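Structure, as structure tokens:
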Amino acid sequence: MSFIEFHDLTHCYNQGQENEHKAIGGVKLSIEKGSFTAILGRNGSGKSTLAKHINGLLLPTAGSCLVDGKDTRKAEELWQIRRQVGMVFQNPDNQLIAAVVEDDVAFGPENLGMEPEEIRLKVNAALRAVNMAKYRTFAPHLLSGGQKQRIAIAGALAMDTECLVLDEPTAMLDPQGREEVMRTVQKLHEERGITIVYITHFMEEASVADRIVVMDKGNVAADGTPREIFADVPGMKKRGLDVPLAAEVAWQLRHQGVKLPETILTEDELVEALEAYTCQSN
Amino acid sequence: MSIELKQVSYTYMPKTPYEHKALDDVSFTLAEGSFTAIAGHTGSGKSTLVQHLNGLLHPECGQVLVDGVDLANSSKTGRQAAKEARNKVGMVFQYPEQQLFEETIAADIAFGPKNQGLEGEALVKRVKEAMELMGLDYAAYKDRSPFQLSGGQKRRVAIAGVLALRPKYLVLDEPTAGLDPQGREDLIQTICHLRKKWKLTIVFVSHNMEDIARLADSVVIMNHGQMAIKAAPQTAFEQVELLQAAGLQEPQMLHLLHRLQAVGLPVKTDGIQLEDGIRAIKEALSHVK
Amino acid sequence: MLSNITIGQYFPGNSILHRLDPRVKVLLLFFFLIEIFLFSNAVAYGIFSAVTFALMLLSGVPLRMLLRSLKPLWWIILFTFVIHLFSNPGTPIAQFLLFTVTWEGLRMGCFISLRLVLLILMSSLLTFTTSPLKLTDALESLLSPFRRFGLPAHELAMMMTIALRFIPTLIEETDKIMKAQQSRGADFTTGNVMKRLRNMVPILVPLFLSAFRRADELAMAMEARCYRGGVGRTQMKSLKTGAIDYLAIGGFILLTASLIGVKVLA
């Protein structure tokens, strides 16, 4: 069942003015409930613009965006959509509102008008889910980037979100922070079936998704499983992107005459394939 | 001529409940013409460390010698020495585009050399030179507003603003953070080109082990304010446990090659660039056959 | 790393004063300050001083820290004392050149300075025992009745919350921008006032730009989390008035009664 549907979605910034800029043009895409979709694309390819449509932070200038059957252009449904779709942005500093971690996580439920006792339960559960319960009373500016992003995720979980849209959540983090965020997102996807839309510049992160959508010049340039997408090494490079190391090594070896399967994506698979290759030739 | 750190220690907010020792007895030398990478997780002390290199911070104890002049002293002479050192040691902070402030690109880049006392023809020449080094066409860009550029271009303008000081040493704090793969690659190429052209001594703070392996001839790994490793990248990457303790990982190619060795494929690990790795694997494969 | 700076002077603890409902604290402080001005006889000031001292001990905040809050205002207190010392006509005690010190002057000087000291100490007690966040909640709650007259109580409180959250971030950012411009040879310490002001431009422009960008992103993040103003909003930590609060109010009424008693008897 599709959860998010883009129907010929177009977005122009400053429409009708002289600095009009068409960020996306006619995107057709549907994202399944409970799926993990990674969106790749160079800066300016329209991926952030696309993401901001999912919970109505931007409204289409043409076409439409449906979330769980509801149209983001209808003001009365927008409220419900935002409850179902949580957003995590790139800069961890600019999305935490309160000066204490637990107050920040409570911000969403408070906006929904929940009862104080219920909010408290939701906040505690959300903090446990991202493994940050210990930092309940900390000030956000004393946390690391990875911890702040986990708090942002908890803020969405406390509203019982069904879908997380993460817009380059790891771009400003160090390797440890990146791993923390990635692990948290994967866990929430696997254990709670939360639908994930994950925008990133890191190919390794995208390879754990079950689907990759490549954006280029405001439209979908490629759409498939990580295996399919990363098998097209020249295509990815042409779009200013990259492929995970194992996929690239396999591709290069294949092109230099080493007979390896065409679907190698991870290091494990590459090691296994090379091991099998040497056994065969013996 | 070199930058020399001798037993440098630094504590933030000493004698308060927030006291935090950020650097603990760090010593090393940055020889002229070298390319040194500094790596470590957030809070390992690497940012504090680089701020000592041009006297933005004065060590609590120890010495920082830039071409033999000590910047350690926080007194008037030390501050003067630090100011002079800033003409030699260019510092590009993380997300440097956030420090742009002038109306035009040329004016922003001219800020540094103007502070050095340059004016007129000489100033224009400096600005032009710095822009061209960063791949920004002078005529096309000089009168444009820096704020209307893309993120990658803004960063180039900001780096040009530091290069316009004509430094001997250039410190880059995670210069590729937040860029897309193409932007990262382009900037790395520019840095390589810069180094060749100007024989700059470069200090490069990065988390990216691939970039470090590719660029640096020596790497300093920081952990809890101490220098955990200082060695050539090849040697440093072999110390997997120390790397992991510092919150870092060995380069992916090296990891792959090590795993292939473990399953009995006799690959060499003397080069870890993509081409090196592929060559090593092919060699090993033909060897097995 | 300026990020460790705490806002205000909150001293974490769990004393009775810490546990009081911040609204009760703010209101009682307000009335206490009025009473200091209303009752100006020696006995009343004795009582005020005793109450203040007792509360200081109760708060669990080190006395040294509390007294330090007087430091910035020390000169004003001394100045007020000296002015009153010389400017009141009455029975002279001593003569300095053209100035005469009188008994009345000495008495007045003592009163006024003591009044200032008590004012400062009591206000500091509030900020030492109440976190800025609780203070914000208290102000929102106390100001909400004025909403019907158009006072944006919720918006004011939200502004304060965001300010508290972002002050450390902006301080850190200022530090970074300053260092970046210093690395390009900027100088913020020499020259006359005009020159120094002009030298601030390379810091202020990036700082404002970044603050606007932050504001923009924050607004988007708030909207994404269903924020639509104070309407229909609840609070996880709603303020509750409990037994100790009624006790405190009772104590205050008793204090007021005895002050009136003293005044009537005198």
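Residues are referred to by chain and number: the chain letter is A, B, ... according to the order shown in the structure tokens, the number counts from 1 in that chain, and ligands are numbered separately from 1 in the order shown.
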
*Distance filter 6 Å, only C-alpha atoms, chain A against chain B, as a PyMOL selection string*: chain A and resi 42+171+201+240-241

_At most 9 Å to chain C: residues in chain B, only C-alpha atoms, as a PyMOL selection string_ = chain B and resi 12-13+18+48+51+54-56+83-84+86-87+89-93+96+98-102+111-116+161-162+165

_Atom-to-atom span, CA of Glu162 in chain A and CA of Ser48 in chain A, Å_ =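 For CA of Glu162 in chain A relative to CA of Ser48 in chain A, the distance reads 19.7 Å.
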
*Output the contact residues of chain C with respect to chain A at a cut-off of 10 Å, based on only C-alpha atoms, as number ranges by chain.*
C: 3-4, 6, 132-133, 158, 160-169, 172, 211, 213-238

_All residues 10 Å or closer to range 8-11 of chain A, only C-alpha atoms, same chain fewer than 2 positions away omitted, as a list in words_ =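 Answer for this query is Glu5, Phe6, Tyr13, Asn14, Gln15, His21, Lys22, Ala23, Ile24, Gly25, Gly26, Val27, Lys28, Leu29, Gly46, Thr49, Leu50, His53, Leu58, Leu59, Pro60, Thr61, Ala62, Gly63, Ser64, Cys65, Gly218 and Asn219 of chain A.
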
_Those in range 26-187 of chain A with strand (DSSP E or B) from DSSP, as a count of residues only_ = 29

*Write out as a PyMOL selection string which residues come within 7 Å of Ala106 in chain B when counting only C-alpha atoms, dropping same-chain ones fewer than 3 positions away.*
chain B and resi 109-110+127+142-143

Might you pull out every residue within 12 Å of Arg150 in chain A, with only C-alpha atoms counted and same-chain residues fewer than 4 positions away left off, and present them as a CSV table (one decimal) with C-alpha atoms, in the first residue's frame?
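Listing of result06.csv after writing:
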```csv
chain,number,residue,atom,x,y,z
A,87,MET,CA,11.0,15.6,9.9
A,88,VAL,CA,14.6,15.6,10.8
A,89,PHE,CA,16.8,18.3,9.3
A,92,PRO,CA,21.1,19.6,14.6
A,93,ASP,CA,21.3,23.0,16.2
A,95,GLN,CA,15.6,22.1,15.2
A,96,LEU,CA,15.7,21.8,18.9
A,101,VAL,CA,16.1,17.8,26.3
A,104,ASP,CA,12.0,19.6,23.6
A,105,VAL,CA,10.8,16.1,23.0
A,126,ALA,CA,10.6,8.2,22.9
A,127,LEU,CA,13.8,9.0,24.7
A,128,ARG,CA,14.3,5.3,25.5
A,129,ALA,CA,13.7,4.4,21.9
A,130,VAL,CA,16.6,6.5,20.8
A,131,ASN,CA,18.7,5.5,23.8
A,132,MET,CA,18.9,9.0,25.2
A,133,ALA,CA,16.9,8.5,28.5
A,135,TYR,CA,20.2,12.8,29.0
A,140,PRO,CA,20.9,20.5,24.1
A,143,LEU,CA,25.2,17.2,23.5
A,144,SER,CA,27.1,15.9,20.5
A,145,GLY,CA,25.7,16.3,17.0
A,146,GLY,CA,24.7,12.7,16.9
A,154,ALA,CA,12.6,11.3,19.6
A,155,GLY,CA,10.6,14.5,19.1
A,156,ALA,CA,8.9,13.0,16.2
A,157,LEU,CA,8.4,9.6,17.9
A,166,LEU,CA,15.3,12.7,7.3
A,169,PRO,CA,20.7,14.1,9.0
A,170,THR,CA,24.3,13.0,9.1
A,173,LEU,CA,28.3,14.8,12.1
A,177,GLY,CA,27.5,10.5,15.2
A,178,ARG,CA,26.7,9.2,11.7
A,179,GLU,CA,26.7,5.6,12.9
A,180,GLU,CA,24.5,6.5,16.0
A,181,VAL,CA,21.9,8.1,13.8
A,182,MET,CA,22.0,5.4,11.1
A,183,ARG,CA,21.7,2.7,13.7
A,184,THR,CA,18.7,4.4,15.4
A,185,VAL,CA,16.9,4.9,12.1
A,188,LEU,CA,13.1,2.1,14.3
```

_Residues of range 64-224 of chain A in alpha helix (DSSP H), written as a PyMOL selection string_ = chain A and resi 75-84+101-111+116-129+145-157+175-192+203-206

_Contacts of Asp211 in chain B at 10 Å (only C-alpha atoms; same-chain gap of 5+ positions) as a PyMOL selection string_ = chain B and resi 37+176+184-185+188+204+206+216+251+273

*Which residues, written as a count of residues only, have at least one atom at most 10 Å from range 68-70 of chain B, with only C-alpha atoms counted and residues fewer than 3 positions away on the same chain left out?*
17

*Tell me, in Å to one decimal, how far CA of Phe86 in chain C is from CA of Ser113 in chain C.*
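So the answer is 14.1 Å.
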
_Let me make sure I understand: among B:Leu57, B:Val50, B:Met227, B:Ala213, which one has the smallest atom-to-atom distance to Asp175 in chain C if we use only C-alpha atoms?_
B:Leu57

*Length of the CA of Gly105 in chain C to CA of Lys263 in chain C vector [Å]*: 22.1 Å
